[in-house]
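Raw upload-v5.json, JSON, C-alpha atoms and all ligand atoms:
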```json
[["chain", "number", "residue", "atom", "x", "y", "z"],
["A", 1, "MET", "CA", 164.68, 163.47, -103.82],
["A", 2, "ARG", "CA", 168.36, 164.42, -103.94],
["A", 3, "ARG", "CA", 168.38, 164.50, -100.17],
["A", 4, "LEU", "CA", 166.81, 161.04, -99.95],
["A", 5, "LEU", "CA", 169.37, 159.69, -102.42],
["A", 6, "GLY", "CA", 172.11, 161.23, -100.29],
["A", 7, "ILE", "CA", 170.78, 159.54, -97.16],
["A", 8, "LEU", "CA", 170.52, 156.17, -98.92],
["A", 9, "LEU", "CA", 174.04, 156.57, -100.27],
["A", 10, "ASN", "CA", 175.36, 157.36, -96.78],
["A", 11, "MET", "CA", 173.57, 154.33, -95.37],
["A", 12, "ALA", "CA", 175.02, 152.08, -98.10],
["A", 13, "THR", "CA", 178.50, 153.50, -97.42],
["A", 14, "ALA", "CA", 178.14, 152.90, -93.67],
["A", 15, "PHE", "CA", 176.92, 149.34, -94.33],
["A", 16, "SER", "CA", 179.88, 148.76, -96.62],
["A", 17, "LEU", "CA", 182.24, 150.00, -93.90],
["A", 18, "LEU", "CA", 180.60, 147.58, -91.46],
["A", 19, "LEU", "CA", 181.08, 144.69, -93.90],
["A", 20, "CYS", "CA", 184.69, 145.76, -94.43],
["A", 21, "LEU", "CA", 185.34, 145.60, -90.66],
["A", 22, "ALA", "CA", 183.58, 142.22, -90.48],
["A", 23, "ALA", "CA", 185.77, 140.94, -93.34],
["A", 24, "VAL", "CA", 188.92, 142.04, -91.47],
["A", 25, "PHE", "CA", 187.62, 140.38, -88.29],
["A", 26, "PHE", "CA", 186.93, 137.05, -90.01],
["A", 27, "TRP", "CA", 190.15, 137.33, -92.05],
["A", 28, "ILE", "CA", 192.12, 137.30, -88.79],
["A", 29, "ARG", "CA", 189.83, 134.89, -86.93],
["A", 30, "SER", "CA", 189.68, 132.35, -89.75],
["A", 31, "GLN", "CA", 193.45, 131.82, -89.52],
["A", 32, "GLN", "CA", 192.84, 130.22, -86.10],
["A", 33, "VAL", "CA", 189.24, 129.02, -86.05],
["A", 34, "ALA", "CA", 186.84, 127.75, -88.65],
["A", 35, "ASP", "CA", 183.28, 129.05, -88.33],
["A", 36, "GLY", "CA", 180.38, 127.65, -90.21],
["A", 37, "LEU", "CA", 176.66, 127.75, -90.74],
["A", 38, "THR", "CA", 174.93, 124.76, -92.27],
["A", 39, "HIS", "CA", 171.38, 124.47, -93.43],
["A", 40, "THR", "CA", 169.99, 121.12, -94.52],
["A", 41, "HIS", "CA", 166.61, 119.72, -95.39],
["A", 42, "ARG", "CA", 165.48, 116.33, -96.62],
["A", 43, "ILE", "CA", 164.87, 115.95, -100.29],
["A", 44, "ALA", "CA", 163.04, 113.27, -102.21],
["A", 45, "SER", "CA", 165.19, 110.75, -103.97],
["A", 46, "ASP", "CA", 164.78, 107.25, -105.22],
["A", 47, "GLY", "CA", 166.04, 104.74, -102.69],
["A", 48, "VAL", "CA", 168.59, 106.73, -100.70],
["A", 49, "PRO", "CA", 167.30, 109.37, -98.29],
["A", 50, "LEU", "CA", 169.23, 112.57, -98.96],
["A", 51, "ARG", "CA", 169.69, 115.91, -97.33],
["A", 52, "ARG", "CA", 170.19, 119.05, -99.34],
["A", 53, "VAL", "CA", 173.04, 121.06, -97.79],
["A", 54, "VAL", "CA", 173.81, 124.77, -97.95],
["A", 55, "ASP", "CA", 176.99, 125.58, -96.10],
["A", 56, "VAL", "CA", 178.74, 128.85, -95.30],
["A", 57, "GLU", "CA", 182.15, 128.69, -93.70],
["A", 58, "THR", "CA", 185.12, 130.86, -92.89],
["A", 59, "LYS", "CA", 188.45, 129.09, -92.85],
["A", 60, "ASP", "CA", 192.11, 129.83, -93.68],
["A", 61, "GLY", "CA", 191.41, 133.40, -94.76],
["A", 62, "ARG", "CA", 188.51, 132.52, -97.02],
["A", 63, "LEU", "CA", 184.74, 132.73, -97.06],
["A", 64, "GLY", "CA", 183.30, 129.58, -98.60],
["A", 65, "ILE", "CA", 179.79, 128.94, -99.82],
["A", 66, "GLY", "CA", 178.91, 125.33, -100.49],
["A", 67, "VAL", "CA", 175.91, 123.57, -101.92],
["A", 68, "GLY", "CA", 175.28, 119.89, -102.41],
["A", 69, "TYR", "CA", 173.71, 116.89, -100.80],
["A", 70, "VAL", "CA", 174.60, 114.11, -98.41],
["A", 71, "SER", "CA", 172.92, 110.80, -97.64],
["A", 72, "VAL", "CA", 170.98, 110.87, -94.38],
["A", 73, "PRO", "CA", 172.80, 108.03, -92.53],
["A", 74, "LEU", "CA", 176.15, 109.60, -93.31],
["A", 75, "PHE", "CA", 174.95, 113.03, -92.23],
["A", 76, "GLU", "CA", 173.50, 111.68, -88.99],
["A", 77, "SER", "CA", 176.65, 109.79, -88.12],
["A", 78, "ARG", "CA", 179.15, 112.61, -88.57],
["A", 79, "GLY", "CA", 177.59, 115.73, -90.00],
["A", 80, "ILE", "CA", 179.40, 116.85, -93.10],
["A", 81, "PRO", "CA", 182.41, 114.54, -93.13],
["A", 82, "ASN", "CA", 185.84, 115.93, -93.79],
["A", 83, "TYR", "CA", 186.76, 113.02, -95.99],
["A", 84, "PRO", "CA", 187.59, 112.55, -98.76],
["A", 85, "PRO", "CA", 190.30, 115.19, -99.15],
["A", 86, "PRO", "CA", 188.72, 117.99, -101.15],
["A", 87, "HIS", "CA", 189.46, 118.13, -104.81],
["A", 88, "ILE", "CA", 190.57, 121.66, -105.73],
["A", 89, "VAL", "CA", 189.06, 122.27, -109.15],
["A", 90, "TRP", "CA", 190.82, 125.60, -109.54],
["A", 91, "SER", "CA", 192.63, 128.10, -107.35],
["A", 92, "HIS", "CA", 193.79, 131.63, -108.17],
["A", 93, "PHE", "CA", 194.83, 134.46, -105.80],
["A", 94, "GLY", "CA", 193.03, 132.75, -102.94],
["A", 95, "PHE", "CA", 189.83, 132.21, -104.92],
["A", 96, "ARG", "CA", 189.01, 128.52, -105.06],
["A", 97, "HIS", "CA", 186.52, 126.10, -106.42],
["A", 98, "ARG", "CA", 186.55, 123.01, -104.24],
["A", 99, "ARG", "CA", 184.68, 119.78, -104.59],
["A", 100, "LEU", "CA", 183.88, 117.01, -102.13],
["A", 101, "SER", "CA", 182.69, 113.80, -103.69],
["A", 102, "TYR", "CA", 182.22, 110.48, -101.96],
["A", 103, "HIS", "CA", 180.23, 107.44, -102.99],
["A", 104, "ALA", "CA", 180.34, 104.15, -101.12],
["A", 105, "MET", "CA", 177.38, 101.79, -100.71],
["A", 106, "LYS", "CA", 174.55, 103.99, -99.50],
["A", 107, "HIS", "CA", 176.87, 106.76, -98.38],
["A", 108, "ILE", "CA", 176.78, 109.66, -100.75],
["A", 109, "LEU", "CA", 178.36, 113.06, -100.43],
["A", 110, "GLU", "CA", 178.50, 115.70, -103.14],
["A", 111, "MET", "CA", 179.47, 119.25, -102.26],
["A", 112, "TRP", "CA", 180.66, 122.17, -104.37],
["A", 113, "TYR", "CA", 182.34, 125.10, -102.68],
["A", 114, "LEU", "CA", 183.15, 128.51, -104.03],
["A", 115, "GLU", "CA", 185.68, 130.28, -101.83],
["A", 116, "VAL", "CA", 186.51, 133.98, -101.85],
["A", 117, "PRO", "CA", 189.57, 135.29, -99.98],
["A", 118, "PHE", "CA", 188.96, 137.84, -97.23],
["A", 119, "TRP", "CA", 191.62, 140.17, -98.67],
["A", 120, "PHE", "CA", 189.34, 140.62, -101.66],
["A", 121, "LEU", "CA", 186.20, 141.18, -99.57],
["A", 122, "THR", "CA", 188.05, 143.68, -97.35],
["A", 123, "LEU", "CA", 189.24, 145.63, -100.38],
["A", 124, "ALA", "CA", 185.86, 145.53, -102.13],
["A", 125, "PHE", "CA", 183.94, 146.74, -99.05],
["A", 126, "ALA", "CA", 186.60, 149.39, -98.31],
["A", 127, "LEU", "CA", 186.19, 151.09, -101.70],
["A", 128, "PRO", "CA", 182.81, 152.83, -101.11],
["A", 129, "PRO", "CA", 183.89, 154.33, -97.72],
["A", 130, "ILE", "CA", 187.23, 155.48, -99.20],
["A", 131, "PHE", "CA", 185.48, 157.00, -102.20],
["A", 132, "GLY", "CA", 182.86, 158.64, -99.93],
["A", 133, "LEU", "CA", 185.54, 160.15, -97.68],
["A", 134, "THR", "CA", 187.63, 161.58, -100.55],
["A", 135, "SER", "CA", 184.59, 163.11, -102.25],
["A", 136, "TYR", "CA", 183.46, 164.60, -98.91],
["A", 137, "LEU", "CA", 186.91, 166.14, -98.36],
["A", 138, "ARG", "CA", 187.00, 167.45, -101.92],
["A", 139, "LYS", "CA", 183.55, 169.01, -101.54],
["A", 140, "ARG", "CA", 184.51, 170.61, -98.23],
["A", 141, "LYS", "CA", 187.69, 172.08, -99.72],
["A", 142, "ARG", "CA", 185.71, 173.51, -102.63],
["A", 143, "SER", "CA", 183.03, 175.07, -100.41],
["A", 144, "ARG", "CA", 185.68, 176.98, -98.46],
["A", 145, "THR", "CA", 186.73, 178.87, -101.60],
["A", 146, "ALA", "CA", 183.28, 179.25, -103.13],
["A", 147, "CYS", "CA", 181.04, 182.30, -103.05],
["A", 148, "PRO", "CA", 178.44, 181.84, -100.27],
["A", 149, "THR", "CA", 175.73, 183.34, -102.50],
["A", 150, "CYS", "CA", 176.22, 181.74, -105.91],
["A", 151, "GLY", "CA", 178.94, 179.12, -105.38],
["A", 152, "TYR", "CA", 181.36, 180.67, -107.87],
["A", 153, "ASP", "CA", 185.02, 179.79, -107.35],
["A", 154, "MET", "CA", 186.54, 182.84, -105.62],
["A", 155, "ARG", "CA", 190.15, 181.72, -105.32],
["A", 156, "ALA", "CA", 191.29, 184.30, -107.88],
["A", 157, "THR", "CA", 189.18, 187.13, -106.40],
["A", 158, "PRO", "CA", 188.91, 186.57, -102.65],
["A", 159, "GLU", "CA", 187.44, 190.00, -101.78],
["A", 160, "ARG", "CA", 184.49, 190.16, -104.13],
["A", 161, "CYS", "CA", 182.64, 187.61, -106.22],
["A", 162, "PRO", "CA", 183.04, 188.48, -109.92],
["A", 163, "GLU", "CA", 179.84, 186.63, -110.70],
["A", 164, "CYS", "CA", 177.25, 188.19, -108.37],
["A", 165, "GLY", "CA", 179.17, 190.95, -106.61],
["A", 166, "THR", "CA", 178.92, 189.58, -103.08],
["A", 167, "ALA", "CA", 181.66, 190.94, -100.89],
["A", 168, "ALA", "CA", 182.94, 187.94, -98.99],
["A", 169, "PRO", "CA", 186.05, 188.04, -96.93],
["A", 170, "ILE", "CA", 187.24, 184.48, -97.26],
["A", 171, "SER", "CA", 190.56, 183.17, -96.18],
["A", 172, "ILE", "CA", 192.56, 180.94, -98.49],
["B", 1, "ZN", "ZN", 178.79, 185.03, -106.12]]
```
Whole structure, structure tokens version:
Amino acid sequence: MRRLLGILLNMATAFSLLLCLAAVFFWIRSQQVADGLTHTHRIASDGVPLRRVVDVETKDGRLGIGVGYVSVPLFESRGIPNYPPPHIVWSHFGFRHRRLSYHAMKHILEMWYLEVPFWFLTLAFALPPIFGLTSYLRKRKRSRTACPTCGYDMRATPERCPECGTAAPISI
């Protein structure tokens, strides 16, 4: 059980490291290029045919997740339009809540974006690997000075374990 937990923990740490590297990659890349994934499907509405939109994008050092809807003719003519200029609802330390809202005749666009800066994602995903590495190094340092039989700390008595009597020539 302990062993299984250890394996799962190592896998989670490795995954976190992978996400950390991906965050650094997109942090740099998003300064030059905007990447995006958009999913849409038609939804029922009275009168105006709409498309539900779920949008993920990386741009200007941020990962943005957007949800909303757009009228079908507008979507088919230009995808998710860049107009109007987005309304920044709030913005702190690179975190942003952004809103796109456009209503004209049968053209409707409503999108809400939550944006998280890549510096934050990089830091957050770096913590588990850093923690894992320091605890590994600490454990390794401890095992070098511990009794091989019972694990007692032998730094004060390097020749013989005071706990179980094992003679262990260890070097400190
Ligand atoms: Zn011992």
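Among A:Ile7, A:Ala126, A:Val54, A:Ala167, the residue with the shortest atom-to-atom distance to His41 in chain A, counting only C-alpha atoms, is A:Val54.
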Counting only C-alpha atoms and all ligand atoms, name the residues that have an atom within 12 Å of an atom of ligand ZN 1 (chain B); the answer should be given as a ChimeraX atom specification. /A:145-155,157-168
So the first atom is CA of Glu57 in chain A and the second is CA of Asp35 in chain A; what is the distance between them in Å, to one decimal place? 5.5 Å
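CA of Val67 in chain A to CA of Leu114 in chain A spans 9.0 Å [interatomic distance, one decimal].
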For the atom pair CA of Leu5 in chain A and CA of Leu123 in chain A, what is the interatomic distance in Å to one decimal place? 24.4 Å
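Comparing A:Leu4, A:Leu133, A:Val70, A:Ile43 by their smallest distance to His103 in chain A, the closest is A:Val70 (using only C-alpha atoms).
Taking only C-alpha atoms, the non-local environment of Thr13 in chain A within 12 Å (same-chain residues fewer than 5 positions away omitted) comprises Gly6, Ile7, Leu8, Leu18, Leu19, Cys20, Ala124, Phe125, Ala126, Leu127, Pro128, Pro129, Ile130, Phe131, Gly132 and Leu133 of chain A.
Remark: for Pro84 in chain A, the closest of the candidate residues A:Tyr69, A:Tyr102, A:Phe120, A:Tyr136 is A:Tyr102 (distances computed over all atoms listed in the file).
Using only C-alpha atoms, the nearest neighbour of Thr122 in chain A within the list A:Arg62, A:Lys106, A:His87, A:Arg144 is A:Arg62.
The nearest approach to Val24 in chain A among the residues A:Ala44, A:Leu109, A:Ile65, A:Leu121, with all atoms listed in the file taken into account, belongs to A:Leu121.
The shortest atom-to-atom distance to Ser71 in chain A, with all atoms listed in the file taken into account, belongs to A:Arg42 out of A:Arg3, A:Arg42, A:Arg29, A:Arg99.
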Got a moment to write range 42-55 of chain A out with N, CA and C atoms, as a compact mmCIF listing (two decimals), in the first residue's frame?
```
# COMPACT_ATOMS: atom_id res chain seq x y z
N ARG A 42 -24.39 23.70 -31.78
CA ARG A 42 -25.63 24.49 -31.89
C ARG A 42 -26.49 24.29 -30.65
N ILE A 43 -27.11 25.34 -30.24
CA ILE A 43 -28.04 25.22 -29.13
C ILE A 43 -29.39 25.79 -29.54
N ALA A 44 -30.42 25.29 -28.91
CA ALA A 44 -31.77 25.75 -29.20
C ALA A 44 -31.96 27.15 -28.64
N SER A 45 -32.64 27.97 -29.40
CA SER A 45 -32.92 29.32 -28.92
C SER A 45 -34.15 29.79 -29.66
N ASP A 46 -34.80 30.78 -29.12
CA ASP A 46 -35.98 31.24 -29.86
C ASP A 46 -35.59 32.31 -30.88
N GLY A 47 -35.80 31.96 -32.15
CA GLY A 47 -35.56 32.93 -33.21
C GLY A 47 -34.16 32.88 -33.78
N VAL A 48 -33.16 33.20 -32.99
CA VAL A 48 -31.80 33.31 -33.51
C VAL A 48 -31.04 32.00 -33.28
N PRO A 49 -30.54 31.41 -34.38
CA PRO A 49 -29.73 30.20 -34.17
C PRO A 49 -28.40 30.54 -33.52
N LEU A 50 -28.09 29.84 -32.42
CA LEU A 50 -26.88 30.16 -31.66
C LEU A 50 -25.94 28.98 -31.63
N ARG A 51 -24.69 29.30 -31.38
CA ARG A 51 -23.70 28.25 -31.13
C ARG A 51 -23.10 28.49 -29.75
N ARG A 52 -23.12 27.45 -28.96
CA ARG A 52 -22.42 27.47 -27.69
C ARG A 52 -20.92 27.39 -27.99
N VAL A 53 -20.11 28.17 -27.31
CA VAL A 53 -18.67 28.20 -27.58
C VAL A 53 -17.89 27.93 -26.29
N VAL A 54 -16.94 27.02 -26.39
CA VAL A 54 -15.95 26.83 -25.32
C VAL A 54 -14.59 27.04 -25.96
N ASP A 55 -13.83 27.95 -25.43
CA ASP A 55 -12.62 28.40 -26.10
C ASP A 55 -11.44 28.34 -25.12
```
